file coords-v2.cif (mmCIF, C-alpha atoms)
data_work
loop_
_atom_site.group_PDB
_atom_site.id
_atom_site.type_symbol
_atom_site.label_atom_id
_atom_site.label_comp_id
_atom_site.auth_asym_id
_atom_site.auth_seq_id
_atom_site.Cartn_x
_atom_site.Cartn_y
_atom_site.Cartn_z
ATOM 1 C CA MET A 1 0.000 0.000 0.000
ATOM 2 C CA GLY A 2 2.938 2.244 0.497
ATOM 3 C CA GLN A 3 1.845 3.855 3.764
ATOM 4 C CA GLY A 4 4.919 6.052 3.604
ATOM 5 C CA THR A 5 4.842 9.488 5.222
ATOM 6 C CA HIS A 6 2.409 11.416 3.030
ATOM 7 C CA ASP A 7 -0.295 13.302 4.936
ATOM 8 C CA GLY A 8 -3.123 13.327 2.422
ATOM 9 C CA PRO A 9 -4.746 10.885 0.023
ATOM 10 C CA ASP A 10 -3.885 10.386 -3.588
ATOM 11 C CA LYS A 11 -7.117 10.962 -5.498
ATOM 12 C CA ASN A 12 -6.342 7.956 -7.707
ATOM 13 C CA ALA A 13 -5.446 5.683 -4.814
ATOM 14 C CA GLY A 14 -7.346 2.439 -4.425
ATOM 15 C CA ARG A 15 -9.091 2.944 -7.776
ATOM 16 C CA ASN A 16 -7.321 0.265 -9.784
ATOM 17 C CA THR A 17 -8.140 -3.404 -9.786
ATOM 18 C CA GLY A 18 -4.660 -4.286 -8.612
ATOM 19 C CA THR A 19 -5.167 -2.716 -5.174
ATOM 20 C CA ALA A 20 -8.944 -2.715 -4.622
ATOM 21 C CA GLY A 21 -9.957 -4.960 -1.737
ATOM 22 C CA ARG A 22 -6.360 -5.522 -0.555
ATOM 23 C CA GLY A 23 -4.320 -4.019 2.241
ATOM 24 C CA ILE A 24 -7.020 -2.450 4.401
ATOM 25 C CA GLU A 25 -7.507 -4.247 7.713
ATOM 26 C CA ILE A 26 -9.828 -3.840 10.664
ATOM 27 C CA ARG A 27 -7.067 -1.886 12.478
ATOM 28 C CA HIS A 28 -7.407 0.902 9.905
ATOM 29 C CA LEU A 29 -11.090 1.268 10.736
ATOM 30 C CA ARG A 30 -10.451 1.151 14.476
ATOM 31 C CA ALA A 31 -7.844 3.881 14.149
ATOM 32 C CA PHE A 32 -10.184 6.093 12.140
ATOM 33 C CA LEU A 33 -13.035 5.603 14.633
ATOM 34 C CA ALA A 34 -10.730 6.425 17.559
ATOM 35 C CA VAL A 35 -9.645 9.645 15.852
ATOM 36 C CA ALA A 36 -13.270 10.472 15.047
ATOM 37 C CA ASP A 37 -14.319 9.909 18.667
ATOM 38 C CA GLU A 38 -11.386 11.741 20.257
ATOM 39 C CA SER A 39 -10.908 14.556 17.694
ATOM 40 C CA SER A 40 -7.202 14.142 18.342
ATOM 41 C CA ILE A 41 -4.438 11.923 16.988
ATOM 42 C CA THR A 42 -2.698 12.058 20.374
ATOM 43 C CA ARG A 43 -5.741 10.951 22.377
ATOM 44 C CA ALA A 44 -6.611 8.313 19.779
ATOM 45 C CA ALA A 45 -3.077 6.914 20.034
ATOM 46 C CA SER A 46 -3.344 6.744 23.823
ATOM 47 C CA ARG A 47 -6.703 4.995 23.585
ATOM 48 C CA LEU A 48 -5.345 2.449 21.087
ATOM 49 C CA ARG A 49 -2.021 2.100 22.954
ATOM 50 C CA LEU A 50 -0.104 3.041 19.841
ATOM 51 C CA THR A 51 2.325 5.806 19.009
ATOM 52 C CA GLN A 52 1.037 8.992 17.449
ATOM 53 C CA PRO A 53 3.009 8.454 14.199
ATOM 54 C CA ALA A 54 1.562 4.950 13.897
ATOM 55 C CA VAL A 55 -2.000 6.258 14.118
ATOM 56 C CA SER A 56 -1.219 9.038 11.625
ATOM 57 C CA ARG A 57 0.228 6.549 9.149
ATOM 58 C CA THR A 58 -2.707 4.167 9.570
ATOM 59 C CA LEU A 59 -5.231 6.949 8.994
ATOM 60 C CA ALA A 60 -3.293 8.234 5.968
ATOM 61 C CA ALA A 61 -3.184 4.720 4.518
ATOM 62 C CA LEU A 62 -6.962 4.401 4.830
ATOM 63 C CA GLU A 63 -7.485 7.776 3.155
ATOM 64 C CA HIS A 64 -5.021 6.819 0.424
ATOM 65 C CA HIS A 65 -6.962 3.639 -0.241
ATOM 66 C CA LEU A 66 -10.331 5.414 -0.341
ATOM 67 C CA GLY A 67 -9.021 8.372 -2.303
ATOM 68 C CA VAL A 68 -10.669 10.952 -0.027
ATOM 69 C CA LEU A 69 -9.789 12.999 3.036
ATOM 70 C CA LEU A 70 -11.648 11.692 6.078
ATOM 71 C CA VAL A 71 -10.200 14.078 8.656
ATOM 72 C CA ASP A 72 -9.562 17.811 8.394
ATOM 73 C CA ARG A 73 -6.121 18.365 9.947
ATOM 74 C CA SER A 74 -6.068 22.132 9.405
ATOM 75 C CA THR A 75 -7.031 23.034 12.972
ATOM 76 C CA HIS A 76 -5.720 22.072 16.417
ATOM 77 C CA HIS A 77 -8.854 20.038 17.116
ATOM 78 C CA LEU A 78 -9.359 17.594 14.280
ATOM 79 C CA ALA A 79 -12.763 17.401 12.621
ATOM 80 C CA LEU A 80 -14.300 14.956 10.191
ATOM 81 C CA THR A 81 -14.790 16.048 6.616
ATOM 82 C CA ALA A 82 -18.162 15.455 4.961
ATOM 83 C CA GLU A 83 -16.728 12.213 3.559
ATOM 84 C CA GLY A 84 -15.500 11.284 7.031
ATOM 85 C CA VAL A 85 -18.936 11.803 8.542
ATOM 86 C CA ALA A 86 -20.481 9.590 5.851
ATOM 87 C CA PHE A 87 -17.806 6.928 6.322
ATOM 88 C CA ARG A 88 -18.031 6.850 10.116
ATOM 89 C CA ASP A 89 -21.289 4.897 10.303
ATOM 90 C CA LYS A 90 -20.053 2.432 7.702
ATOM 91 C CA ALA A 91 -16.802 1.894 9.570
ATOM 92 C CA ALA A 92 -18.597 1.456 12.898
ATOM 93 C CA ALA A 93 -20.995 -1.081 11.398
ATOM 94 C CA ALA A 94 -18.104 -3.009 9.845
ATOM 95 C CA VAL A 95 -16.171 -3.133 13.121
ATOM 96 C CA ALA A 96 -19.272 -4.197 15.050
ATOM 97 C CA ALA A 97 -19.985 -6.965 12.527
ATOM 98 C CA PHE A 98 -16.367 -8.116 12.717
ATOM 99 C CA ASP A 99 -16.417 -8.280 16.512
ATOM 100 C CA GLU A 100 -19.797 -10.027 16.478
ATOM 101 C CA ALA A 101 -18.522 -12.647 14.040
ATOM 102 C CA LEU A 102 -15.580 -13.469 16.315
ATOM 103 C CA ASP A 103 -17.721 -13.777 19.444
ATOM 104 C CA SER A 104 -17.626 -17.533 20.001
ATOM 105 C CA GLY A 105 -20.211 -17.307 22.765
ATOM 106 C CA GLY A 106 -22.636 -15.567 20.434
ATOM 107 C CA LEU A 107 -22.324 -18.373 17.921
ATOM 108 C CA ARG A 108 -23.987 -20.754 20.341
ATOM 109 C CA ARG A 109 -26.979 -18.467 20.959
ATOM 110 C CA TRP A 110 -26.990 -15.641 18.451
ATOM 111 C CA PRO A 111 -29.151 -12.919 20.050
ATOM 112 C CA LEU A 112 -31.344 -10.654 17.971
ATOM 113 C CA ARG A 113 -30.583 -7.088 19.106
ATOM 114 C CA LEU A 114 -33.574 -4.758 18.815
ATOM 115 C CA GLY A 115 -32.804 -1.094 19.379
ATOM 116 C CA HIS A 116 -35.107 1.744 20.378
ATOM 117 C CA ALA A 117 -34.521 5.339 21.395
ATOM 118 C CA TRP A 118 -37.212 5.821 24.038
ATOM 119 C CA SER A 119 -40.526 3.934 23.883
ATOM 120 C CA ALA A 120 -39.728 0.600 22.247
ATOM 121 C CA PHE A 121 -42.897 -0.957 20.765
ATOM 122 C CA GLY A 122 -45.228 1.077 22.980
ATOM 123 C CA ARG A 123 -48.101 -0.930 24.419
ATOM 124 C CA TYR A 124 -47.023 -3.861 22.250
ATOM 125 C CA THR A 125 -43.606 -4.193 23.906
ATOM 126 C CA THR A 126 -44.576 -6.775 26.519
ATOM 127 C CA PRO A 127 -46.587 -8.960 24.076
ATOM 128 C CA LEU A 128 -43.668 -8.883 21.648
ATOM 129 C CA LEU A 129 -41.133 -10.016 24.254
ATOM 130 C CA ARG A 130 -43.416 -12.713 25.674
ATOM 131 C CA ASP A 131 -44.513 -14.112 22.321
ATOM 132 C CA TRP A 132 -40.938 -14.137 21.034
ATOM 133 C CA GLU A 133 -39.661 -16.051 24.051
ATOM 134 C CA GLU A 134 -42.436 -18.617 23.593
ATOM 135 C CA ARG A 135 -41.928 -19.129 19.846
ATOM 136 C CA TYR A 136 -38.172 -18.660 19.443
ATOM 137 C CA PRO A 137 -36.526 -19.630 22.754
ATOM 138 C CA GLN A 138 -33.303 -20.529 20.943
ATOM 139 C CA THR A 139 -32.837 -16.914 19.807
ATOM 140 C CA PRO A 140 -32.747 -14.371 22.645
ATOM 141 C CA LEU A 141 -34.409 -11.053 21.796
ATOM 142 C CA GLU A 142 -32.377 -8.270 23.399
ATOM 143 C CA LEU A 143 -34.132 -4.897 23.704
ATOM 144 C CA ARG A 144 -31.559 -2.096 23.820
ATOM 145 C CA ARG A 145 -32.241 1.574 24.439
ATOM 146 C CA ILE A 146 -29.730 3.733 22.552
ATOM 147 C CA ASP A 147 -30.056 7.512 22.446
ATOM 148 C CA ASP A 148 -29.530 7.929 18.735
ATOM 149 C CA ARG A 149 -31.854 8.803 15.842
ATOM 150 C CA THR A 150 -31.569 5.249 14.478
ATOM 151 C CA ALA A 151 -31.158 3.618 17.918
ATOM 152 C CA GLY A 152 -27.701 2.348 17.029
ATOM 153 C CA LEU A 153 -28.744 0.709 13.760
ATOM 154 C CA THR A 154 -26.479 2.660 11.405
ATOM 155 C CA ARG A 155 -23.561 2.142 13.794
ATOM 156 C CA GLY A 156 -24.025 -1.633 13.769
ATOM 157 C CA GLU A 157 -24.927 -1.818 17.470
ATOM 158 C CA VAL A 158 -28.274 -3.530 16.808
ATOM 159 C CA ASP A 159 -29.766 -5.777 14.127
ATOM 160 C CA ALA A 160 -33.100 -3.953 13.878
ATOM 161 C CA ALA A 161 -34.683 -0.919 15.488
ATOM 162 C CA LEU A 162 -38.091 0.422 16.423
ATOM 163 C CA LEU A 163 -38.103 4.070 15.337
ATOM 164 C CA ARG A 164 -40.616 6.897 15.322
ATOM 165 C CA GLY A 165 -41.131 9.535 12.699
ATOM 166 C CA PRO A 166 -39.468 9.777 9.295
ATOM 167 C CA VAL A 167 -35.885 8.526 9.227
ATOM 168 C CA GLU A 168 -33.532 9.915 6.603
ATOM 169 C CA ALA A 169 -30.531 7.627 6.955
ATOM 170 C CA PRO A 170 -28.962 5.960 3.922
ATOM 171 C CA GLY A 171 -28.832 2.195 3.710
ATOM 172 C CA LEU A 172 -31.920 1.463 5.820
ATOM 173 C CA VAL A 173 -35.113 -0.405 4.971
ATOM 174 C CA THR A 174 -38.150 0.624 7.003
ATOM 175 C CA GLU A 175 -41.694 -0.656 7.429
ATOM 176 C CA VAL A 176 -44.531 1.270 9.082
ATOM 177 C CA LEU A 177 -46.115 -0.932 11.741
ATOM 178 C CA TYR A 178 -48.736 1.488 13.068
ATOM 179 C CA GLU A 179 -49.451 5.159 13.752
ATOM 180 C CA GLU A 180 -49.402 6.738 17.201
ATOM 181 C CA GLU A 181 -51.290 9.762 18.403
ATOM 182 C CA ARG A 182 -49.284 12.612 19.906
ATOM 183 C CA VAL A 183 -49.536 13.898 23.455
ATOM 184 C CA ALA A 184 -48.426 17.068 25.198
ATOM 185 C CA ALA A 185 -46.191 16.723 28.230
ATOM 186 C CA VAL A 186 -46.565 19.500 30.795
ATOM 187 C CA ALA A 187 -45.533 20.138 34.397
ATOM 188 C CA ALA A 188 -47.932 18.270 36.680
ATOM 189 C CA ASP A 189 -48.346 21.317 38.911
ATOM 190 C CA GLY A 190 -48.655 23.809 36.054
ATOM 191 C CA PRO A 191 -51.816 25.460 34.670
ATOM 192 C CA LEU A 192 -51.929 23.339 31.500
ATOM 193 C CA ALA A 193 -52.212 20.133 33.535
ATOM 194 C CA SER A 194 -55.763 21.102 34.515
ATOM 195 C CA ARG A 195 -56.906 20.863 30.882
ATOM 196 C CA ALA A 196 -58.383 17.608 29.544
ATOM 197 C CA THR A 197 -56.906 18.142 26.080
ATOM 198 C CA LEU A 198 -54.452 20.589 24.532
ATOM 199 C CA ARG A 199 -53.664 22.093 21.140
ATOM 200 C CA LEU A 200 -50.344 23.029 19.578
ATOM 201 C CA ALA A 201 -51.133 26.724 20.061
ATOM 202 C CA ASP A 202 -51.434 26.171 23.814
ATOM 203 C CA LEU A 203 -47.763 25.174 23.926
ATOM 204 C CA ALA A 204 -46.414 27.715 21.464
ATOM 205 C CA THR A 205 -46.785 30.684 23.805
ATOM 206 C CA GLY A 206 -44.023 29.346 26.046
ATOM 207 C CA THR A 207 -40.817 27.314 25.792
ATOM 208 C CA VAL A 208 -40.938 23.892 24.129
ATOM 209 C CA VAL A 209 -38.347 21.284 25.167
ATOM 210 C CA LEU A 210 -36.885 19.410 22.184
ATOM 211 C CA ASN A 211 -34.899 16.165 22.270
ATOM 212 C CA THR A 212 -32.667 16.844 19.274
ATOM 213 C CA VAL A 213 -30.842 13.488 19.428
ATOM 214 C CA SER A 214 -33.619 10.913 19.326
ATOM 215 C CA GLY A 215 -36.896 12.841 19.485
ATOM 216 C CA THR A 216 -39.375 13.419 16.670
ATOM 217 C CA THR A 217 -40.575 16.924 17.534
ATOM 218 C CA THR A 218 -39.148 19.995 15.794
ATOM 219 C CA PRO A 219 -40.427 23.588 15.494
ATOM 220 C CA GLU A 220 -41.738 22.597 12.040
ATOM 221 C CA LEU A 221 -44.555 20.703 13.776
ATOM 222 C CA TRP A 222 -46.202 24.125 14.274
ATOM 223 C CA PRO A 223 -47.458 26.313 11.393
ATOM 224 C CA PRO A 224 -44.824 28.841 10.207
ATOM 225 C CA SER A 225 -46.815 31.721 11.653
ATOM 226 C CA ALA A 226 -47.249 30.072 15.061
ATOM 227 C CA ARG A 227 -43.886 28.532 15.955
ATOM 228 C CA PRO A 228 -42.960 28.234 19.661
ATOM 229 C CA ALA A 229 -41.787 31.434 21.334
ATOM 230 C CA ALA A 230 -38.636 29.665 22.540
ATOM 231 C CA THR A 231 -37.082 26.201 22.573
ATOM 232 C CA LEU A 232 -34.819 24.318 24.968
ATOM 233 C CA THR A 233 -32.773 21.444 23.552
ATOM 234 C CA VAL A 234 -31.809 18.271 25.425
ATOM 235 C CA ALA A 235 -30.067 15.065 24.373
ATOM 236 C CA ASN A 236 -32.235 12.258 25.753
ATOM 237 C CA THR A 237 -35.645 11.346 27.136
ATOM 238 C CA ASP A 238 -34.574 11.496 30.783
ATOM 239 C CA ASP A 239 -33.356 15.096 30.459
ATOM 240 C CA TRP A 240 -36.512 15.942 28.499
ATOM 241 C CA LEU A 241 -38.720 14.716 31.334
ATOM 242 C CA THR A 242 -36.632 16.454 33.983
ATOM 243 C CA ALA A 243 -36.831 19.810 32.197
ATOM 244 C CA ILE A 244 -40.613 19.567 31.806
ATOM 245 C CA ALA A 245 -41.153 18.493 35.426
ATOM 246 C CA ALA A 246 -39.078 21.479 36.543
ATOM 247 C CA GLY A 247 -41.378 23.820 34.633
ATOM 248 C CA ARG A 248 -38.700 24.866 32.149
ATOM 249 C CA GLY A 249 -41.003 24.147 29.214
ATOM 250 C CA THR A 250 -43.538 21.792 27.679
ATOM 251 C CA GLY A 251 -43.029 18.917 25.263
ATOM 252 C CA VAL A 252 -44.666 16.888 22.528
ATOM 253 C CA SER A 253 -44.217 13.151 22.097
ATOM 254 C CA ALA A 254 -45.891 9.989 20.876
ATOM 255 C CA ALA A 255 -48.671 8.593 23.055
ATOM 256 C CA SER A 256 -46.620 5.559 24.110
ATOM 257 C CA THR A 257 -44.288 7.846 26.049
ATOM 258 C CA ALA A 258 -47.012 8.319 28.649
ATOM 259 C CA GLY A 259 -47.116 4.598 29.372
ATOM 260 C CA MET A 260 -43.420 3.817 28.954
ATOM 261 C CA HIS A 261 -42.091 6.881 30.800
ATOM 262 C CA PRO A 262 -44.451 7.902 33.627
ATOM 263 C CA HIS A 263 -43.059 10.718 35.771
ATOM 264 C CA ALA A 264 -44.500 12.141 38.968
ATOM 265 C CA GLY A 265 -43.755 15.670 37.834
ATOM 266 C CA VAL A 266 -45.118 15.338 34.306
ATOM 267 C CA ALA A 267 -48.734 15.186 33.110
ATOM 268 C CA TYR A 268 -49.567 13.892 29.647
ATOM 269 C CA ARG A 269 -52.565 15.265 27.777
ATOM 270 C CA PRO A 270 -53.955 14.370 24.311
ATOM 271 C CA LEU A 271 -52.804 16.838 21.642
ATOM 272 C CA VAL A 272 -55.857 16.993 19.442
ATOM 273 C CA ASP A 273 -54.554 18.879 16.402
ATOM 274 C CA ALA A 274 -51.131 17.272 15.924
ATOM 275 C CA PRO A 275 -50.432 14.694 13.190
ATOM 276 C CA THR A 276 -49.788 11.084 14.157
ATOM 277 C CA VAL A 277 -46.307 9.581 14.416
ATOM 278 C CA PRO A 278 -45.438 6.496 12.332
ATOM 279 C CA VAL A 279 -43.789 3.668 14.267
ATOM 280 C CA LEU A 280 -41.245 1.936 12.057
ATOM 281 C CA LEU A 281 -39.358 -1.329 12.107
ATOM 282 C CA ALA A 282 -35.996 -0.643 10.486
ATOM 283 C CA ARG A 283 -33.062 -2.793 9.401
ATOM 284 C CA ARG A 284 -29.980 -2.291 7.290
ATOM 285 C CA ASP A 285 -30.300 -2.920 3.556
ATOM 286 C CA ALA A 286 -27.876 -5.829 3.686
ATOM 287 C CA PRO A 287 -27.810 -9.454 4.807
ATOM 288 C CA GLY A 288 -28.401 -9.529 8.530
ATOM 289 C CA HIS A 289 -29.613 -11.695 11.383
ATOM 290 C CA PRO A 290 -31.514 -14.745 10.080
ATOM 291 C CA ALA A 291 -34.426 -14.083 12.471
ATOM 292 C CA LEU A 292 -35.227 -10.591 11.127
ATOM 293 C CA ALA A 293 -38.090 -11.892 8.992
ATOM 294 C CA ASP A 294 -39.589 -13.667 12.011
ATOM 295 C CA LEU A 295 -39.368 -10.453 14.032
ATOM 296 C CA ALA A 296 -41.156 -8.431 11.364
ATOM 297 C CA ALA A 297 -43.886 -11.074 10.988
ATOM 298 C CA LEU A 298 -44.494 -11.254 14.742
ATOM 299 C CA ALA A 299 -44.625 -7.463 15.073
ATOM 300 C CA ARG A 300 -47.234 -7.261 12.325
ATOM 301 C CA GLU A 301 -49.239 -10.070 13.903
ATOM 302 C CA ILE A 302 -49.326 -8.385 17.319
ATOM 303 C CA VAL A 303 -50.539 -5.093 15.871
ATOM 304 C CA ALA A 304 -53.176 -6.837 13.741
ATOM 305 C CA ARG A 305 -54.348 -8.853 16.723
ATOM 306 C CA ASP A 306 -54.873 -5.693 18.735
ATOM 307 C CA ASP A 307 -56.678 -3.950 15.857
ATOM 308 C CA ALA A 308 -59.093 -6.890 15.582
ATOM 309 C CA ARG A 309 -60.299 -6.508 19.159
#

call {"tool": "encode", "arguments": {"input": "coords-v2.cif", "output": "structure tokens"}}
result
Amino acid sequence: MGQGTHDGPDKNAGRNTGTAGRGIEIRHLRAFLAVADESSITRAASRLRLTQPAVSRTLAALEHHLGVLLVDRSTHHLALTAEGVAFRDKAAAAVAAFDEALDSGGLRRWPLRLGHAWSAFGRYTTPLLRDWEERYPQTPLELRRIDDRTAGLTRGEVDAALLRGPVEAPGLVTEVLYEEERVAAVAADGPLASRATLRLADLATGTVVLNTVSGTTTPELWPPSARPAATLTVANTDDWLTAIAAGRGTGVSAASTAGMHPHAGVAYRPLVDAPTVPVLLARRDAPGHPALADLAALAREIVARDDAR
């Protein structure tokens, strides 16, 4: 590969059939991910227990092979380029798949990892887990909460994910399982808690708390002429609930949040003029866990069974 000492990629590198598919190893991806996480060659080297020049050479070799710059080295704190941001999820998924494949314990009982960001399968969560255990005891179904827009799916941390709202992530296949109504979340001791139902306009006069990492609510939920007076951003559901209970603002979420995340300081009220939220089952558009089809079929069956009642 000629790792050499060059600092940037050759735009023609890795583009000929003589080098494509050769030379790059999992260590190159691990080095890139460490640099991406640490925003520093020095800290990445310490984390990997390598020398700084070794990490620099490994990163340069990967860039040379791909023919693009992944990391902008022009500032003291390194930052990913647009190509680096796009490559990060792919690299993380590849490393996760590699580690999973070498897990000898997992080969005996290969668990199906189902991610979610905050409310899992809503009221269907318990039936899903119970029915799965009864029908497929040889394949453990692991429910994992990951505060990420795709619940760890694009990073390779899960095999499938239950997501809410539209998801614009490349390389995913999604299926709408059902639609959820929206609710307003307000301080339990505040004036809005005394109302039986609420409208979007009732929340817009004050501060609205937005979970910008895994939530589905944005200011665009309101008409352009009636956007919230102010917003407060948080990074996860727990902080969202805490802010609302403290009276720092109100929130909007899917109806399942009320059942999955009860909070003594938060009252949930139906939001009568807000659009519903689609609940999606998502997977990567690539060969995956052999039980994914069974999971999708069981999820559909549980929803249909409830609708028939």

call {"tool": "residues_around", "arguments": {"input": "coords-v2.cif", "residues": "Ala204 in chain A", "least_positions_apart": "5", "cutoff": "10 Å", "atoms": "only C-alpha atoms", "output": "mmCIF file with C-alpha atoms, keeping the file's coordinate frame"}}
result
data_model
loop_
_atom_site.group_PDB
_atom_site.id
_atom_site.type_symbol
_atom_site.label_atom_id
_atom_site.label_comp_id
_atom_site.auth_asym_id
_atom_site.auth_seq_id
_atom_site.Cartn_x
_atom_site.Cartn_y
_atom_site.Cartn_z
ATOM 1 C CA ARG A 199 -53.664 22.093 21.140
ATOM 2 C CA PRO A 219 -40.427 23.588 15.494
ATOM 3 C CA TRP A 222 -46.202 24.125 14.274
ATOM 4 C CA ALA A 226 -47.249 30.072 15.061
ATOM 5 C CA ARG A 227 -43.886 28.532 15.955
ATOM 6 C CA PRO A 228 -42.960 28.234 19.661
ATOM 7 C CA ALA A 229 -41.787 31.434 21.334
ATOM 8 C CA ALA A 230 -38.636 29.665 22.540
ATOM 9 C CA THR A 231 -37.082 26.201 22.573
ATOM 10 C CA THR A 250 -43.538 21.792 27.679
#

call {"tool": "residues_around", "arguments": {"input": "coords-v2.cif", "residues": "Ala120 in chain A", "least_positions_apart": "6", "cutoff": "9 Å", "atoms": "all atoms listed in the file", "output": "list of chain:residue names"}}
result
A:Leu114, A:Leu143, A:Arg144, A:Arg145, A:Ala161, A:Leu162, A:Leu163, A:Ser256, A:Met260

call {"tool": "closest_residue", "arguments": {"input": "coords-v2.cif", "among": "A:Ala196, A:Leu112, A:Val173, A:Gly249", "to": "Tyr136 in chain A", "atoms": "only C-alpha atoms"}}
result
A:Leu112

call {"tool": "resolve_selection", "arguments": {"input": "coords-v2.cif", "expression": "the PyMOL selection byres ((chain A and resi 43-57) around 10)", "output": "JSON, numbers by chain"}}
result
{"A": [3, 4, 5, 6, 7, 27, 28, 30, 31, 32, 33, 34, 35, 36, 37, 38, 39, 40, 41, 42, 58, 59, 60, 61, 62, 63]}

call {"tool": "atom_distance", "arguments": {"input": "coords-v2.cif", "atom1": "CA of Glu180 in chain A", "atom2": "CA of Val277 in chain A"}}
result
5.0 Å
